[in-house]
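Chemist: My structure is below; once you've seen it, I'll send some questions.
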Amino acid sequence: MPVPHLAPASRLTFHGDSLTAAGRRPAVPQDLGHGYVGLVAEALGGIHPGLRVANRGVSGYRVRDLRAAWQADVLADPPDVLSVLVGVNDTWRRYDRNDPTPVADYARDYRHLLDTAAAAGARLVLVEPFLVPVTGEQWTWREDLDGRIQAVRRLAEEYGALLLAADGLLNQAARQAGDPAKLTPDGVHLEPRGHELLAAAWIDLVLPERRPR
């Protein structure tokens with residue numbers, strides 16, 4: 001599987017929901033938010049000072065919303081490397097608003113994103129949607145979310161994309177911490193420690209040459 005090595009002047013775009021947006025201000029294009037995207041940009045800036053990083057995440061987005069915004073947010077200025085994290089809101093809306101997104105529809109729209117981005121020359125990094133249950137009720141969400149995780153894994157294989165297995169990573173970290181609330185207050189949004197783990201895993205995946213020998 002090809003690793004999307006970052007050249008010094010590469011353009012790197014992150015897209016997704018609030019996990020990616022992390023409080024960014026959409027009216028300020030340069031704002032990277034206070035989450036894993038900003039941490040990745042800060043770390044990579046010391047390696048490739050000319051790297052251009054953009055955060056296009058929007059709170060509440062489902063995959064259908066990414067598809068609707070894709071032309072303006074991604075295709076109008078295609079990046080060299082594109083990282084996508086979306087899916088938990090497709091699950092969440094089933095349980096809090098009775099507004100489900102069938103997994104087949106999720107996979108169809110996600111495939112459209114990848115088809116068009118790959119055709120524009122972007123190399124792809126797919127981050128699994130994840131859930132770290134903090135309530136008993138949230139364990140029932142796995143019935144819905146696990147199908148989306150499997151869909152992303154299949155798409156990563158099909159498109160030769162890098163895959164960040166974030167669900168296992170964060171759930172294991174929560175177990176090791178002894179309390180999921182140390183990583184997430186609500187099972188979905190991340191505390192600073194969760195963003196740090198996600199950023200470190202992203203960098204390790206995309207730049208394996210930085211791993212200790």
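By order of appearance in the structure tokens: chains A, B, ..., then residues from 1 within every chain, and ligands from 1 in the order shown.
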Each residue of stretch 131-192 of chain A with at least one atom at most 12 Å from stretch 36-52 of chain A should appear once, together with its nearest atom pair and the corresponding distance in Å (one decimal); atoms considered: only C-alpha atoms; ordering: chain, then increasing residue number; output as a tab-separated table.
Modeler:
```
residue	atom	partner	partner_atom	distance
A:His189	CA	A:Tyr36	CA	11.6
A:Leu190	CA	A:Tyr36	CA	9.4
A:Glu191	CA	A:Tyr36	CA	10.4
A:Pro192	CA	A:Tyr36	CA	8.6
```
Chemist: Set the distance at 7 Å and use only C-alpha atoms: which residues neighbour A:Pro129 once local chain neighbours fewer than 6 positions away are removed? I'd like the list as a list in words.
Modeler: Leu85, Val86, Gly87, Val88, Ile149 and Asp167 of chain A
Chemist: For atom CA of A:Val125 and atom CA of A:Leu82, determine how far apart the two atoms are, in Å to one decimal place.
Modeler: 6.1 Å
Chemist: Find, counting only C-alpha atoms, the residue in A:Ala122, A:Ala72, A:Val206, A:Val132 that gets nearest to A:Arg11.
Modeler: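 Closest to A:Arg11, using only C-alpha atoms: A:Ala122.
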Chemist: Within 8 Å of A:Arg64, counting only C-alpha atoms, which residues show up once you throw out same-chain ones fewer than 3 positions away? Write them as an NGL selection string, please.
Modeler: :A and (61 or 67-68 or 106 or 109)
Chemist: Please, could you write that set of residues out with all heavy atoms as an mmCIF file, in the first residue's frame?
Modeler:
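Once written, out-v3.cif looks like this:
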```
data_model
loop_
_atom_site.group_PDB
_atom_site.id
_atom_site.type_symbol
_atom_site.label_atom_id
_atom_site.label_comp_id
_atom_site.auth_asym_id
_atom_site.auth_seq_id
_atom_site.Cartn_x
_atom_site.Cartn_y
_atom_site.Cartn_z
ATOM 1 N N TYR A 61 -21.677 17.418 10.872
ATOM 2 C CA TYR A 61 -21.708 16.855 9.525
ATOM 3 C C TYR A 61 -21.866 15.334 9.538
ATOM 4 O O TYR A 61 -21.245 14.621 10.337
ATOM 5 C CB TYR A 61 -20.436 17.209 8.768
ATOM 6 C CG TYR A 61 -20.568 18.405 7.853
ATOM 7 C CD1 TYR A 61 -21.605 19.313 7.985
ATOM 8 C CD2 TYR A 61 -19.642 18.631 6.841
ATOM 9 C CE1 TYR A 61 -21.714 20.409 7.139
ATOM 10 C CE2 TYR A 61 -19.737 19.721 5.991
ATOM 11 C CZ TYR A 61 -20.778 20.603 6.144
ATOM 12 O OH TYR A 61 -20.888 21.681 5.299
ATOM 13 N N ARG A 67 -20.665 15.260 1.235
ATOM 14 C CA ARG A 67 -20.885 15.153 -0.209
ATOM 15 C C ARG A 67 -21.426 16.463 -0.767
ATOM 16 O O ARG A 67 -20.993 16.906 -1.848
ATOM 17 C CB ARG A 67 -21.843 13.998 -0.506
ATOM 18 C CG ARG A 67 -22.105 13.833 -1.988
ATOM 19 C CD ARG A 67 -22.803 12.542 -2.329
ATOM 20 N NE ARG A 67 -22.975 12.415 -3.773
ATOM 21 C CZ ARG A 67 -23.332 11.310 -4.400
ATOM 22 N NH1 ARG A 67 -23.554 10.207 -3.698
ATOM 23 N NH2 ARG A 67 -23.463 11.285 -5.711
ATOM 24 N N ALA A 68 -22.355 17.100 -0.054
ATOM 25 C CA ALA A 68 -22.936 18.347 -0.536
ATOM 26 C C ALA A 68 -21.915 19.475 -0.594
ATOM 27 O O ALA A 68 -21.997 20.363 -1.443
ATOM 28 C CB ALA A 68 -24.109 18.750 0.353
ATOM 29 N N TYR A 106 -24.476 5.331 3.493
ATOM 30 C CA TYR A 106 -23.216 5.883 4.012
ATOM 31 C C TYR A 106 -22.055 5.473 3.102
ATOM 32 O O TYR A 106 -21.246 6.316 2.686
ATOM 33 C CB TYR A 106 -23.002 5.371 5.431
ATOM 34 C CG TYR A 106 -21.671 5.672 6.054
ATOM 35 C CD1 TYR A 106 -21.399 6.912 6.623
ATOM 36 C CD2 TYR A 106 -20.672 4.700 6.108
ATOM 37 C CE1 TYR A 106 -20.175 7.178 7.231
ATOM 38 C CE2 TYR A 106 -19.449 4.954 6.708
ATOM 39 C CZ TYR A 106 -19.202 6.187 7.263
ATOM 40 O OH TYR A 106 -17.989 6.445 7.863
ATOM 41 N N ASP A 109 -22.208 7.268 -0.392
ATOM 42 C CA ASP A 109 -21.761 8.662 -0.386
ATOM 43 C C ASP A 109 -20.271 8.768 -0.101
ATOM 44 O O ASP A 109 -19.577 9.619 -0.680
ATOM 45 C CB ASP A 109 -22.566 9.460 0.640
ATOM 46 C CG ASP A 109 -23.983 9.740 0.187
ATOM 47 O OD1 ASP A 109 -24.261 9.624 -1.023
ATOM 48 O OD2 ASP A 109 -24.826 10.072 1.043
#
```
